[in-house]
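Dropping entry.pdb in here (PDB, C-alpha atoms):
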ATOM      1  CA  MET A   1       0.000   0.000   0.000
ATOM      2  CA  ARG A   2       1.215   3.492  -0.844
ATOM      3  CA  THR A   3       0.887   5.192   2.522
ATOM      4  CA  ALA A   4       2.874   7.732   4.533
ATOM      5  CA  SER A   5       2.709   9.744   7.751
ATOM      6  CA  ILE A   6       4.438  13.047   8.473
ATOM      7  CA  LYS A   7       4.798  15.036  11.690
ATOM      8  CA  ARG A   8       5.839  18.673  11.498
ATOM      9  CA  LYS A   9       6.291  20.863  14.557
ATOM     10  CA  THR A  10       7.451  24.473  14.619
ATOM     11  CA  LYS A  11       6.942  27.394  16.991
ATOM     12  CA  GLU A  12       3.862  28.263  14.937
ATOM     13  CA  THR A  13       2.217  24.895  14.238
ATOM     14  CA  ASP A  14       2.035  21.266  15.338
ATOM     15  CA  ILE A  15       0.820  19.072  12.478
ATOM     16  CA  GLU A  16       0.277  15.369  11.830
ATOM     17  CA  VAL A  17      -0.647  14.187   8.338
ATOM     18  CA  ALA A  18      -1.303  10.696   6.958
ATOM     19  CA  VAL A  19      -2.200   9.678   3.402
ATOM     20  CA  ASN A  20      -3.204   6.492   1.602
ATOM     21  CA  LEU A  21      -2.911   6.989  -2.165
ATOM     22  CA  ASP A  22      -4.939   3.819  -2.772
ATOM     23  CA  GLY A  23      -7.792   4.776  -0.462
ATOM     24  CA  THR A  24     -11.432   5.592  -1.031
ATOM     25  CA  GLY A  25     -11.420   9.333  -0.335
ATOM     26  CA  VAL A  26     -12.004   9.255   3.418
ATOM     27  CA  SER A  27     -10.945  12.423   5.229
ATOM     28  CA  LYS A  28     -10.416  13.006   8.931
ATOM     29  CA  VAL A  29      -9.425  16.637   9.072
ATOM     30  CA  SER A  30      -9.167  19.085  11.948
ATOM     31  CA  THR A  31      -7.236  22.314  11.391
ATOM     32  CA  GLY A  32      -9.348  24.747  13.392
ATOM     33  CA  ILE A  33     -10.244  26.534  10.126
ATOM     34  CA  GLY A  34     -13.684  25.472   8.916
ATOM     35  CA  PHE A  35     -13.338  26.429   5.254
ATOM     36  CA  PHE A  36      -9.860  24.898   5.033
ATOM     37  CA  ASP A  37     -11.207  21.644   6.503
ATOM     38  CA  HIS A  38     -13.887  21.698   3.808
ATOM     39  CA  MET A  39     -11.258  22.202   1.072
ATOM     40  CA  LEU A  40      -9.196  19.269   2.330
ATOM     41  CA  ASP A  41     -12.327  17.114   2.499
ATOM     42  CA  LEU A  42     -13.068  17.950  -1.162
ATOM     43  CA  LEU A  43      -9.477  17.124  -2.121
ATOM     44  CA  ALA A  44      -9.676  13.741  -0.383
ATOM     45  CA  ARG A  45     -13.088  12.857  -1.755
ATOM     46  CA  HIS A  46     -12.304  13.647  -5.380
ATOM     47  CA  SER A  47      -8.726  12.323  -5.420
ATOM     48  CA  ARG A  48      -9.840   9.080  -3.708
ATOM     49  CA  ILE A  49      -6.823   9.568  -1.429
ATOM     50  CA  ASP A  50      -7.498   8.965   2.273
ATOM     51  CA  ILE A  51      -6.258  12.052   4.126
ATOM     52  CA  THR A  52      -5.880  12.556   7.860
ATOM     53  CA  VAL A  53      -4.813  15.971   9.130
ATOM     54  CA  LYS A  54      -4.563  17.137  12.731
ATOM     55  CA  ALA A  55      -3.240  20.677  13.003
ATOM     56  CA  ASP A  56      -2.815  23.022  15.941
ATOM     57  CA  GLY A  57      -1.637  26.439  14.846
ATOM     58  CA  ASP A  58      -1.362  30.039  15.956
ATOM     59  CA  LEU A  59      -4.825  30.924  14.688
ATOM     60  CA  HIS A  60      -4.916  33.888  17.061
ATOM     61  CA  VAL A  61      -2.345  35.464  14.709
ATOM     62  CA  ASP A  62      -3.944  34.418  11.382
ATOM     63  CA  HIS A  63      -4.586  31.366   9.215
ATOM     64  CA  HIS A  64      -1.419  31.652   7.125
ATOM     65  CA  HIS A  65       0.980  29.476   9.131
ATOM     66  CA  THR A  66      -1.497  26.631   9.562
ATOM     67  CA  THR A  67      -2.512  26.630   5.890
ATOM     68  CA  GLU A  68       1.077  26.801   4.657
ATOM     69  CA  ASP A  69       2.402  24.131   7.016
ATOM     70  CA  VAL A  70      -0.441  21.712   6.282
ATOM     71  CA  GLY A  71       0.382  22.121   2.576
ATOM     72  CA  ILE A  72       4.054  21.373   3.289
ATOM     73  CA  ALA A  73       3.288  18.288   5.394
ATOM     74  CA  LEU A  74       0.684  16.986   2.954
ATOM     75  CA  GLY A  75       3.113  17.398   0.050
ATOM     76  CA  GLN A  76       5.832  15.551   1.953
ATOM     77  CA  ALA A  77       3.442  12.714   2.775
ATOM     78  CA  VAL A  78       2.329  12.298  -0.847
ATOM     79  CA  LYS A  79       5.960  12.375  -2.012
ATOM     80  CA  GLN A  80       6.882   9.674   0.494
ATOM     81  CA  ALA A  81       3.858   7.542  -0.428
ATOM     82  CA  LEU A  82       4.732   7.740  -4.145
ATOM     83  CA  GLY A  83       8.148   6.184  -3.472
ATOM     84  CA  THR A  84       9.985   5.531  -6.755
ATOM     85  CA  MET A  85       6.777   6.286  -8.682
ATOM     86  CA  ALA A  86       7.077   3.018 -10.573
ATOM     87  CA  GLY A  87       3.918   2.235 -12.492
ATOM     88  CA  ILE A  88       2.176   5.607 -12.035
ATOM     89  CA  THR A  89       0.305   7.244 -14.897
ATOM     90  CA  ARG A  90       2.268  10.492 -14.313
ATOM     91  CA  TYR A  91       0.159  12.856 -16.448
ATOM     92  CA  ALA A  92      -3.362  14.194 -16.053
ATOM     93  CA  SER A  93      -5.481  16.837 -17.714
ATOM     94  CA  ILE A  94      -8.900  17.541 -16.252
ATOM     95  CA  HIS A  95     -11.654  19.958 -17.240
ATOM     96  CA  MET A  96     -14.123  20.137 -14.371
ATOM     97  CA  PRO A  97     -17.478  21.842 -15.026
ATOM     98  CA  MET A  98     -19.960  22.802 -12.331
ATOM     99  CA  ASP A  99     -22.935  25.062 -12.911
ATOM    100  CA  GLU A 100     -21.508  28.127 -14.698
ATOM    101  CA  THR A 101     -17.937  27.424 -13.614
ATOM    102  CA  LEU A 102     -15.086  25.627 -15.379
ATOM    103  CA  SER A 103     -11.762  24.569 -13.869
ATOM    104  CA  ARG A 104      -8.781  23.206 -15.814
ATOM    105  CA  VAL A 105      -6.113  21.201 -13.993
ATOM    106  CA  VAL A 106      -3.024  19.869 -15.766
ATOM    107  CA  ILE A 107      -0.467  17.791 -13.837
ATOM    108  CA  ASP A 108       2.875  16.214 -14.698
ATOM    109  CA  ILE A 109       4.520  14.357 -11.820
ATOM    110  CA  SER A 110       7.954  15.085 -13.243
ATOM    111  CA  GLY A 111      10.334  16.082 -10.483
ATOM    112  CA  ARG A 112      10.476  19.711 -11.597
ATOM    113  CA  PRO A 113       8.221  21.773  -9.311
ATOM    114  CA  VAL A 114       6.387  24.493 -11.211
ATOM    115  CA  LEU A 115       2.994  25.936 -10.399
ATOM    116  CA  VAL A 116       0.925  28.055 -12.767
ATOM    117  CA  PHE A 117      -2.082  29.262 -10.794
ATOM    118  CA  LYS A 118      -4.498  31.459 -12.733
ATOM    119  CA  VAL A 119      -7.414  31.952 -10.404
ATOM    120  CA  ASP A 120      -9.059  35.272  -9.646
ATOM    121  CA  PHE A 121     -11.184  35.004  -6.544
ATOM    122  CA  PRO A 122     -14.193  37.319  -6.584
ATOM    123  CA  ARG A 123     -13.702  38.222  -2.938
ATOM    124  CA  ASP A 124     -10.908  38.334  -0.384
ATOM    125  CA  LYS A 125     -12.474  36.073   2.235
ATOM    126  CA  VAL A 126     -14.777  33.100   2.628
ATOM    127  CA  GLY A 127     -15.987  33.484   6.177
ATOM    128  CA  THR A 128     -12.764  34.301   8.037
ATOM    129  CA  PHE A 129     -10.503  32.461   5.553
ATOM    130  CA  ASP A 130      -8.322  34.586   3.246
ATOM    131  CA  THR A 131      -8.818  33.254  -0.292
ATOM    132  CA  GLU A 132      -5.200  34.145  -1.191
ATOM    133  CA  LEU A 133      -4.166  31.267   1.105
ATOM    134  CA  VAL A 134      -5.583  28.738  -1.382
ATOM    135  CA  ARG A 135      -2.674  29.484  -3.720
ATOM    136  CA  GLU A 136      -0.229  29.315  -0.823
ATOM    137  CA  MET A 137      -1.425  25.868   0.213
ATOM    138  CA  VAL A 138      -1.419  24.493  -3.350
ATOM    139  CA  GLN A 139       2.064  25.889  -3.993
ATOM    140  CA  ARG A 140       3.483  24.365  -0.797
ATOM    141  CA  LEU A 141       1.811  21.041  -1.578
ATOM    142  CA  HIS A 142       3.390  20.798  -5.027
ATOM    143  CA  HIS A 143       6.810  22.186  -4.191
ATOM    144  CA  GLN A 144       7.251  19.854  -1.229
ATOM    145  CA  ARG A 145       6.496  16.892  -3.431
ATOM    146  CA  ARG A 146       9.142  18.209  -5.826
ATOM    147  CA  ARG A 147       7.347  16.115  -8.375
ATOM    148  CA  ASP A 148       4.904  18.255 -10.286
ATOM    149  CA  PHE A 149       4.214  20.634 -13.015
ATOM    150  CA  ALA A 150       0.752  21.752 -12.069
ATOM    151  CA  ARG A 151      -1.453  24.258 -13.797
ATOM    152  CA  ARG A 152      -4.773  25.442 -12.487
ATOM    153  CA  ASP A 153      -7.113  27.795 -14.321
ATOM    154  CA  LEU A 154     -10.551  28.786 -13.139
ATOM    155  CA  ILE A 155     -13.316  30.510 -15.067
ATOM    156  CA  TRP A 156     -16.192  31.318 -12.757
ATOM    157  CA  ARG A 157     -19.595  32.897 -12.964
ATOM    158  CA  GLU A 158     -21.445  31.695  -9.899
ATOM    159  CA  GLN A 159     -19.890  32.191  -6.475
ATOM    160  CA  PRO A 160     -20.992  28.993  -4.688
ATOM    161  CA  SER A 161     -19.378  26.824  -7.379
ATOM    162  CA  TYR A 162     -15.922  28.380  -7.683
ATOM    163  CA  ARG A 163     -15.037  27.522  -4.102
ATOM    164  CA  ARG A 164     -15.656  23.818  -4.557
ATOM    165  CA  ILE A 165     -14.609  23.228  -8.134
ATOM    166  CA  LEU A 166     -10.958  24.208  -7.674
ATOM    167  CA  LEU A 167     -10.336  21.440  -5.146
ATOM    168  CA  GLN A 168     -12.596  18.964  -6.912
ATOM    169  CA  GLY A 169     -10.650  19.449 -10.149
ATOM    170  CA  SER A 170      -7.361  19.196  -8.269
ATOM    171  CA  GLY A 171      -8.542  15.996  -6.653
ATOM    172  CA  LYS A 172      -9.572  14.406  -9.956
ATOM    173  CA  GLY A 173      -6.280  15.435 -11.578
ATOM    174  CA  THR A 174      -4.207  14.077  -8.705
ATOM    175  CA  SER A 175      -6.171  10.830  -8.717
ATOM    176  CA  ALA A 176      -5.482  10.305 -12.421
ATOM    177  CA  ALA A 177      -1.770  11.224 -12.206
ATOM    178  CA  VAL A 178      -0.898   8.976  -9.225
ATOM    179  CA  ALA A 179      -2.998   6.034 -10.454
ATOM    180  CA  ILE A 180      -1.130   2.839 -11.244
ATOM    181  CA  ASP A 181      -1.139   2.009 -14.956
ATOM    182  CA  PRO A 182      -1.457  -1.803 -15.118
ATOM    183  CA  ARG A 183       0.292  -1.857 -18.503
ATOM    184  CA  ALA A 184       3.388  -0.240 -16.978
ATOM    185  CA  ALA A 185       3.751  -2.412 -13.881
ATOM    186  CA  GLY A 186       7.005  -1.622 -12.131
ATOM    187  CA  GLU A 187       8.168   0.852 -14.801
ATOM    188  CA  VAL A 188       9.045   4.445 -13.996
ATOM    189  CA  PRO A 189       7.251   6.586 -16.613
ATOM    190  CA  SER A 190      10.374   8.256 -18.002
ATOM    191  CA  THR A 191      12.943   7.362 -20.653
ATOM    192  CA  LYS A 192      15.580   8.290 -18.046
ATOM    193  CA  GLY A 193      14.393   5.441 -15.859
ATOM    194  CA  GLN A 194      13.752   7.809 -12.965
ATOM    195  CA  LEU A 195      11.723  10.842 -11.995
ATOM    196  CA  GLY A 196      12.764  13.633  -9.718
ATOM    197  CA  GLY A 197      15.972  14.857 -11.259
TER
END
Mind turning this structure into structure tokens?
Amino acid sequence: MRTASIKRKTKETDIEVAVNLDGTGVSKVSTGIGFFDHMLDLLARHSRIDITVKADGDLHVDHHHTTEDVGIALGQAVKQALGTMAGITRYASIHMPMDETLSRVVIDISGRPVLVFKVDFPRDKVGTFDTELVREMVQRLHHQRRRDFARRDLIWREQPSYRRILLQGSGKGTSAAVAIDPRAAGEVPSTKGQLGG
């Protein structure tokens, strides 16, 4: 089973993360930030990756440290669970429609961390959560894995949809990219014979 657990403790946060890449999308998430918990639940559900997150952070300061550090720990856990990446599909391209909203997610688990994030949020906050932190979390997630080219574009019209569709599209893209390709059993999907360098 492709599983991993990470503990990360700083003066600002104390975080425990566990992932199962071959799960069913179960999430057990507690960060103290309601909207962030919802985002992580969407990511788990649509990626079919089981995700457990327990985070205690300096929320009396703001949500930034907790969001950033959860992204770092989650990225490290996924990287560890992927191991040598033998047999993975590697690439994914997803167009996710919902109501009047369309999200495009393109992923290459390549070993060269790049994030193109073209999302304009129509407002600065959802409840007490700063929407600019969505980019921060996604960037930390991908750069810690040191495995991805990831592009996310969002065209939105209706406010309730844009919040959900970004993580749903990310989940579907991640699910497709980390999936085992039965025709490539044991093979690393690169002519170099390795990914990550």
*Which one is closest to A:Gly186: A:Asn20, A:Thr84, A:Gln76, A:Ser27? Count only C-alpha atoms.*
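Checking each candidate against A:Gly186, we get A:Thr84 as the closest.
Excluding stretch 42-49 of chain A itself and same-chain residues fewer than 2 positions from it, the residues having an atom within 8 Å of it are Val19, Asn20, Leu21, Asp22, Gly23, Thr24, Gly25, Val26, Ser27, His38, Met39, Leu40, Ile51, Arg164, Leu167, Gln168, Gly169, Ser170, Gly171, Lys172, Gly173, Thr174, Ser175 and Ala176 of chain A, counting all atoms listed in the file.
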*Would you work out the distance separating atom CA of A:Gly75 from atom CA of A:Thr89, expressed in Å to one decimal?*
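Result for atom CA of A:Gly75 versus atom CA of A:Thr89: 18.3 Å, one decimal.
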Cut-off 10 Å: closest stretch 32-57 of chain A/stretch 119-134 of chain A atom pairs per residue, using all atoms listed in the file, as a Markdown table:
| residue | atom | partner | partner_atom | distance |
| --- | --- | --- | --- | --- |
| A:Ile33 | CA | A:Phe129 | CA | 7.5 |
| A:Gly34 | CA | A:Phe129 | CA | 8.4 |
| A:Phe35 | CA | A:Phe129 | CA | 6.7 |
| A:Phe36 | CA | A:Phe129 | CA | 7.6 |
| A:Met39 | CA | A:Val134 | CA | 9.0 |
*Any idea what's packed within 10 Å of A:Ser190, counting all atoms listed in the file, ignoring anything in its chain fewer than 3 positions away? Could you give it as a ChimeraX atom specification?*
/A:86,90,110,187,193-195
*Given the choices A:Asp37, A:Asp181, A:Asp50, A:Asp69, which gets closest to A:Lys7 if the distance is worked out from only C-alpha atoms?*
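Of all the options, A:Asp69 lies closest to A:Lys7.
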*Can you work out which one of A:Thr31, A:Thr66, A:Thr191, A:Gln80 has the shortest atom-to-atom distance to A:Ile6, counting only C-alpha atoms?*
A:Gln80
Output: stretch 7-31 of chain A of the preceding structure, restricted to N, CA, C and O atoms, written as a compact mmCIF listing (two decimals), in the first residue's frame.
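Contents of part-v9.txt, as written:
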# COMPACT_ATOMS: atom_id res chain seq x y z
N LYS A 7 5.01 14.13 10.56
CA LYS A 7 4.80 15.04 11.69
C LYS A 7 5.68 16.26 11.47
O LYS A 7 6.85 16.14 11.12
N ARG A 8 5.10 17.42 11.68
CA ARG A 8 5.84 18.67 11.50
C ARG A 8 5.50 19.59 12.67
O ARG A 8 4.32 19.91 12.89
N LYS A 9 6.52 19.99 13.40
CA LYS A 9 6.29 20.86 14.56
C LYS A 9 7.24 22.05 14.49
O LYS A 9 8.45 21.89 14.33
N THR A 10 6.67 23.24 14.57
CA THR A 10 7.45 24.47 14.62
C THR A 10 6.93 25.30 15.79
O THR A 10 6.04 24.86 16.53
N LYS A 11 7.45 26.51 15.95
CA LYS A 11 6.94 27.39 16.99
C LYS A 11 5.55 27.91 16.65
O LYS A 11 4.85 28.43 17.52
N GLU A 12 5.15 27.75 15.38
CA GLU A 12 3.86 28.26 14.94
C GLU A 12 2.78 27.19 14.79
O GLU A 12 1.60 27.48 14.94
N THR A 13 3.20 25.96 14.48
CA THR A 13 2.22 24.90 14.24
C THR A 13 2.71 23.54 14.74
O THR A 13 3.91 23.31 14.86
N ASP A 14 1.76 22.66 14.98
CA ASP A 14 2.04 21.27 15.34
C ASP A 14 1.08 20.42 14.49
O ASP A 14 -0.13 20.45 14.69
N ILE A 15 1.64 19.71 13.50
CA ILE A 15 0.82 19.07 12.48
C ILE A 15 1.16 17.60 12.32
O ILE A 15 2.34 17.22 12.32
N GLU A 16 0.12 16.78 12.18
CA GLU A 16 0.28 15.37 11.83
C GLU A 16 -0.58 15.10 10.60
O GLU A 16 -1.76 15.47 10.57
N VAL A 17 0.03 14.48 9.60
CA VAL A 17 -0.65 14.19 8.34
C VAL A 17 -0.41 12.73 7.98
O VAL A 17 0.70 12.22 8.15
N ALA A 18 -1.44 12.06 7.48
CA ALA A 18 -1.30 10.70 6.96
C ALA A 18 -2.08 10.61 5.65
O ALA A 18 -3.15 11.22 5.52
N VAL A 19 -1.52 9.87 4.68
CA VAL A 19 -2.20 9.68 3.40
C VAL A 19 -2.15 8.21 2.99
O VAL A 19 -1.22 7.49 3.34
N ASN A 20 -3.16 7.80 2.25
CA ASN A 20 -3.20 6.49 1.60
C ASN A 20 -3.61 6.75 0.16
O ASN A 20 -4.78 7.06 -0.12
N LEU A 21 -2.64 6.67 -0.76
CA LEU A 21 -2.91 6.99 -2.17
C LEU A 21 -3.90 6.02 -2.80
O LEU A 21 -4.53 6.35 -3.80
N ASP A 22 -4.04 4.83 -2.23
CA ASP A 22 -4.94 3.82 -2.77
C ASP A 22 -6.20 3.68 -1.92
O ASP A 22 -6.77 2.60 -1.81
N GLY A 23 -6.63 4.79 -1.35
CA GLY A 23 -7.79 4.78 -0.46
C GLY A 23 -9.11 4.93 -1.20
O GLY A 23 -9.21 4.69 -2.40
N THR A 24 -10.09 5.41 -0.47
CA THR A 24 -11.43 5.59 -1.03
C THR A 24 -11.91 7.03 -0.92
O THR A 24 -13.06 7.33 -1.23
N GLY A 25 -11.05 7.93 -0.45
CA GLY A 25 -11.42 9.33 -0.33
C GLY A 25 -11.93 9.73 1.03
O GLY A 25 -12.59 10.76 1.19
N VAL A 26 -11.58 8.94 2.05
CA VAL A 26 -12.00 9.26 3.42
C VAL A 26 -11.12 10.38 3.96
O VAL A 26 -9.90 10.35 3.80
N SER A 27 -11.73 11.36 4.60
CA SER A 27 -10.94 12.42 5.23
C SER A 27 -11.30 12.54 6.71
O SER A 27 -12.47 12.45 7.08
N LYS A 28 -10.27 12.71 7.51
CA LYS A 28 -10.42 13.01 8.93
C LYS A 28 -9.54 14.23 9.16
O LYS A 28 -8.33 14.11 9.34
N VAL A 29 -10.17 15.38 9.12
CA VAL A 29 -9.43 16.64 9.07
C VAL A 29 -9.86 17.56 10.19
O VAL A 29 -11.06 17.77 10.40
N SER A 30 -8.89 18.10 10.90
CA SER A 30 -9.17 19.08 11.95
C SER A 30 -8.02 20.08 12.00
O SER A 30 -6.95 19.79 12.51
N THR A 31 -8.26 21.27 11.41
CA THR A 31 -7.24 22.31 11.39
C THR A 31 -7.62 23.52 12.24
O THR A 31 -6.79 24.40 12.45
